[in-house]
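Written out below as structure tokens is the structure these notes cover.
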Amino acid sequence: MDLEIAMLLGQDGVTNGAIYALLALALVLVFAVTRVIFIPQGEFVAYGALTLAMIEAGRLPGTVWLLLAAGVLVVALDGLDALRRGGVGRLMKVVGWNIGYPLALVALMRFVPTDSWPLAAKVALTMAVVVPLGPMIYRVAYQPVAEASVLILLIVSVAVHVAMVGLALLFFGAEGSRTSAFSDASFTVGPMMVSGQSLWVIGTSLALIVALALFFGRTIYGKALRATAINRAGARLMGISPALAGRLTFMLAALIGALSGVLIAPIATIYYDTGFLIGLKGFVAAIIGGLASYPIAALGAILVGVLEAFSSFWASAYKEVIVFTLIIPVLVWRSLTSHHVEEDE
């Protein structure tokens with residue numbers, strides 16, 4: 001170990017930590033608003049990366065068919081209620097968004113050579129496919145049991161995670177994929193070589209965190225989510241729909257996960273089940289923040305990324321064990337310093 005190696009490991013740690021910070025923020029947001037420990041958060045990372053890889057290869061990603069199937073389920077659940085409340089016009093709106101939109105994406109990718117598009121357009125198309133899965137999954141799997149205990153919601157999360165991993169194997173196969181780098185540039189800073197892709201990851205993560213801060217502080221929907229996170233019953237009495245808050249929260253979580261996958265795909269080979277480990281590391285960071293504090297969770301994510309990088313140098317065979325062991329002293333410390341509050345209170 002010398003200064004140059006330490007700086008390279010630190011760069012890798014900060015780059016990975018930026019991704020973990022995004023996932024930790026998404027996990028904290030979902031838990032604060034819906035009380036769901038969102039285990040499938042990592043699956044959106046894999047879906048985003050592998051969907052982009054299939055688009056670059058000129059193939060139709062299976063996530064489009066998942067989006068269509070989820071849309072059919074949503075229409076089956078909401079169609080009758082939409083017809084009763086708003087007539088045919090509202091029903092057509094529900095059908096158009098949940099079935100017409102996925103069909104339009106299928107037609108676009110079947111008849112337009114998207115593999116020749118610029119990288120930015122491919123990324124935008126990837127987000128258009130993956131992000132709507134978030135609110136659809138909430139409507140199908142979580143909204144019917146939204147008032148259940150945290151344990152029941154955790155069991156549902158495990159079931160959704162297992163289903164999404166199995167579907168990823170079906171859609172993308174067992175082979176890993178990488179995508180084109182956002183930038184092939186590199187810069188020399190002292191003895192260290194900084195890659196342009198690392199700067200893209202860190203810069204995009206910071207920009208998204210700032211955008212989320214502005215969203216929660218300046219917009220009506222952001223303030224509604226904050227109100228729901230602070231007091232669900234009070235927010236409902238003020239006219240904030242828990243269902244709308246849940247769908248919006250899951251859409252943001254899907255956006256963060258898919259964007260994280262797009263960012264990390266050029267620097268790591270992504271497999272159908274890679275998202276689970278990445279999501280767990282974001283979960284460790286979220287636990288450091290107590291599933292409540294965004295700044296502490298972000299700092300915890302950087303700590304996880306740096307610890308992982310240096311562990312891979314000193315004990316590469318045990319780096320995952322070392323990272324996940326970090327959660328034990330954090331839980332012990334929090335159990336000794338936090339006041340227990342019953343859920344019903």
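Residue numbering restarts at 1 for every chain of the structure tokens, chains are lettered A, B, ... in their displayed order, and ligands are numbered from 1 as they appear.
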Neighbour list for segment 243-248 of chain A as a PyMOL selection string, cut-off 12 Å, only C-alpha atoms, skip fewer than 6 positions in-chain: chain A and resi 26+29-36+131-147+220-229+232+235-236+254-255
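Near segment 161-173 of chain A, within a cut-off of 6 Å and counting only C-alpha atoms, sit the residues Pro40, Gly62 and Tyr272 of chain A, with same-chain residues fewer than 4 positions away left out.
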Requested write-out: N, CA and C atoms of the selected residues, as a CSV table (one decimal), in the first residue's frame:
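Written output follows (out-v9.csv):
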chain,number,residue,atom,x,y,z
A,40,PRO,N,-36.5,-4.8,-2.9
A,40,PRO,CA,-36.3,-4.8,-4.4
A,40,PRO,C,-35.7,-3.5,-4.9
A,62,GLY,N,-37.0,-7.3,-22.1
A,62,GLY,CA,-38.2,-7.9,-21.5
A,62,GLY,C,-38.9,-7.0,-20.5
A,272,TYR,N,-28.1,-10.5,-13.6
A,272,TYR,CA,-29.5,-10.4,-13.3
A,272,TYR,C,-29.7,-10.3,-11.8
All alpha helix (DSSP H) residues (DSSP, backbone) inside segment 142-322 of chain A, as a PyMOL selection string: chain A and resi 150-172+196-218+220-230+232-237+242-264+274-288+294-314+319-322
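The space between atom CA of Leu60 of chain A and atom CA of Arg110 of chain A spans 6.9 Å.
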Would you mind listing what lies within 10 Å of segment 296-309 of chain A as a PyMOL selection string, with only C-alpha atoms counted and same-chain residues fewer than 6 positions away left out? chain A and resi 6+8-25+27-28+209+281-290+315-316+318-324+326
Any chance you could list, as a compact mmCIF listing (two decimals) with all heavy atoms, in the first residue's frame, the residues in segment 73-262 of chain A that come up strand (DSSP E or B) when DSSP is run on the backbone?
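Writing done, so here's result34.txt:
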# COMPACT_ATOMS: atom_id res chain seq x y z
N SER A 177 -23.56 -8.04 -18.38
CA SER A 177 -23.46 -7.05 -19.46
C SER A 177 -22.84 -5.77 -18.93
O SER A 177 -22.95 -5.44 -17.74
CB SER A 177 -24.83 -6.72 -20.05
OG SER A 177 -25.44 -7.87 -20.62
N SER A 186 -9.86 10.99 -19.28
CA SER A 186 -9.21 10.75 -17.99
C SER A 186 -8.34 11.97 -17.66
O SER A 186 -7.86 12.67 -18.56
CB SER A 186 -8.35 9.48 -18.04
OG SER A 186 -7.37 9.59 -19.05
N PHE A 187 -8.18 12.20 -16.36
CA PHE A 187 -7.45 13.37 -15.91
C PHE A 187 -6.44 12.94 -14.86
O PHE A 187 -6.68 12.04 -14.06
CB PHE A 187 -8.41 14.40 -15.30
CG PHE A 187 -9.58 14.76 -16.20
CD1 PHE A 187 -10.78 14.05 -16.11
CD2 PHE A 187 -9.46 15.75 -17.14
CE1 PHE A 187 -11.84 14.36 -16.92
CE2 PHE A 187 -10.52 16.06 -17.98
CZ PHE A 187 -11.72 15.36 -17.86
N THR A 188 -5.30 13.59 -14.88
CA THR A 188 -4.25 13.30 -13.91
C THR A 188 -4.28 14.35 -12.82
O THR A 188 -4.16 15.54 -13.07
CB THR A 188 -2.87 13.29 -14.59
OG1 THR A 188 -2.87 12.32 -15.64
CG2 THR A 188 -1.79 12.94 -13.58
N VAL A 189 -4.48 13.88 -11.59
CA VAL A 189 -4.47 14.76 -10.42
C VAL A 189 -3.37 14.26 -9.50
O VAL A 189 -3.55 13.28 -8.76
CB VAL A 189 -5.83 14.75 -9.69
CG1 VAL A 189 -5.78 15.67 -8.48
CG2 VAL A 189 -6.94 15.15 -10.64
N MET A 192 -2.54 10.44 -9.19
CA MET A 192 -3.75 9.65 -9.41
C MET A 192 -4.37 9.97 -10.76
O MET A 192 -4.42 11.13 -11.19
CB MET A 192 -4.77 9.92 -8.29
CG MET A 192 -6.06 9.14 -8.42
SD MET A 192 -7.18 9.43 -7.03
CE MET A 192 -7.55 11.18 -7.26
N MET A 193 -4.86 8.93 -11.43
CA MET A 193 -5.59 9.07 -12.68
C MET A 193 -7.09 9.02 -12.38
O MET A 193 -7.58 8.04 -11.81
CB MET A 193 -5.21 7.97 -13.66
CG MET A 193 -5.87 8.10 -15.03
SD MET A 193 -5.15 9.45 -16.00
CE MET A 193 -3.53 8.79 -16.37
N VAL A 194 -7.81 10.07 -12.74
CA VAL A 194 -9.25 10.15 -12.49
C VAL A 194 -9.97 9.91 -13.81
O VAL A 194 -9.72 10.60 -14.79
CB VAL A 194 -9.65 11.52 -11.91
CG1 VAL A 194 -11.15 11.58 -11.66
CG2 VAL A 194 -8.88 11.78 -10.61
N SER A 195 -10.87 8.95 -13.83
CA SER A 195 -11.60 8.64 -15.06
C SER A 195 -12.80 9.56 -15.22
O SER A 195 -13.41 10.00 -14.24
CB SER A 195 -12.07 7.18 -15.05
OG SER A 195 -13.06 6.98 -14.06
Name the closest residue to Phe44 of chain A among the candidates A:Met7, A:Val150, A:Met127, A:Leu331; distances are taken between atoms, counting only C-alpha atoms. A:Met127
Using 6 Å as the limit and counting only C-alpha atoms, can you tabulate each residue of segment 95-147 of chain A that touches segment 67-77 of chain A, with its shortest atom-to-atom distance in Å and the two atoms involved, as a Markdown table?
| residue | atom | partner | partner_atom | distance |
| --- | --- | --- | --- | --- |
| A:Asn98 | CA | A:Gly71 | CA | 4.2 |
| A:Ile99 | CA | A:Gly71 | CA | 5.4 |
| A:Pro102 | CA | A:Leu68 | CA | 5.2 |
Atomic distance atom CA of Thr269 of chain A - atom CA of Ala185 of chain A, expressed in Å with one decimal: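 Atom-to-atom, atom CA of Thr269 of chain A to atom CA of Ala185 of chain A, that is 20.0 Å.
Counting only C-alpha atoms and comparing A:Gly87, A:Gln41, A:Ala258, A:Asp78, the residue that lies closest to Phe276 of chain A is A:Gln41.
Distance-wise, atom CA of Leu91 of chain A and atom CA of Gly79 of chain A end up 5.9 Å apart.
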A:Val64, A:Met54, A:Leu154, A:Phe182 ranked by distance to Ala107 of chain A, top pick (using only C-alpha atoms):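 Ranked by minimum distance to Ala107 of chain A, first place goes to A:Val64.
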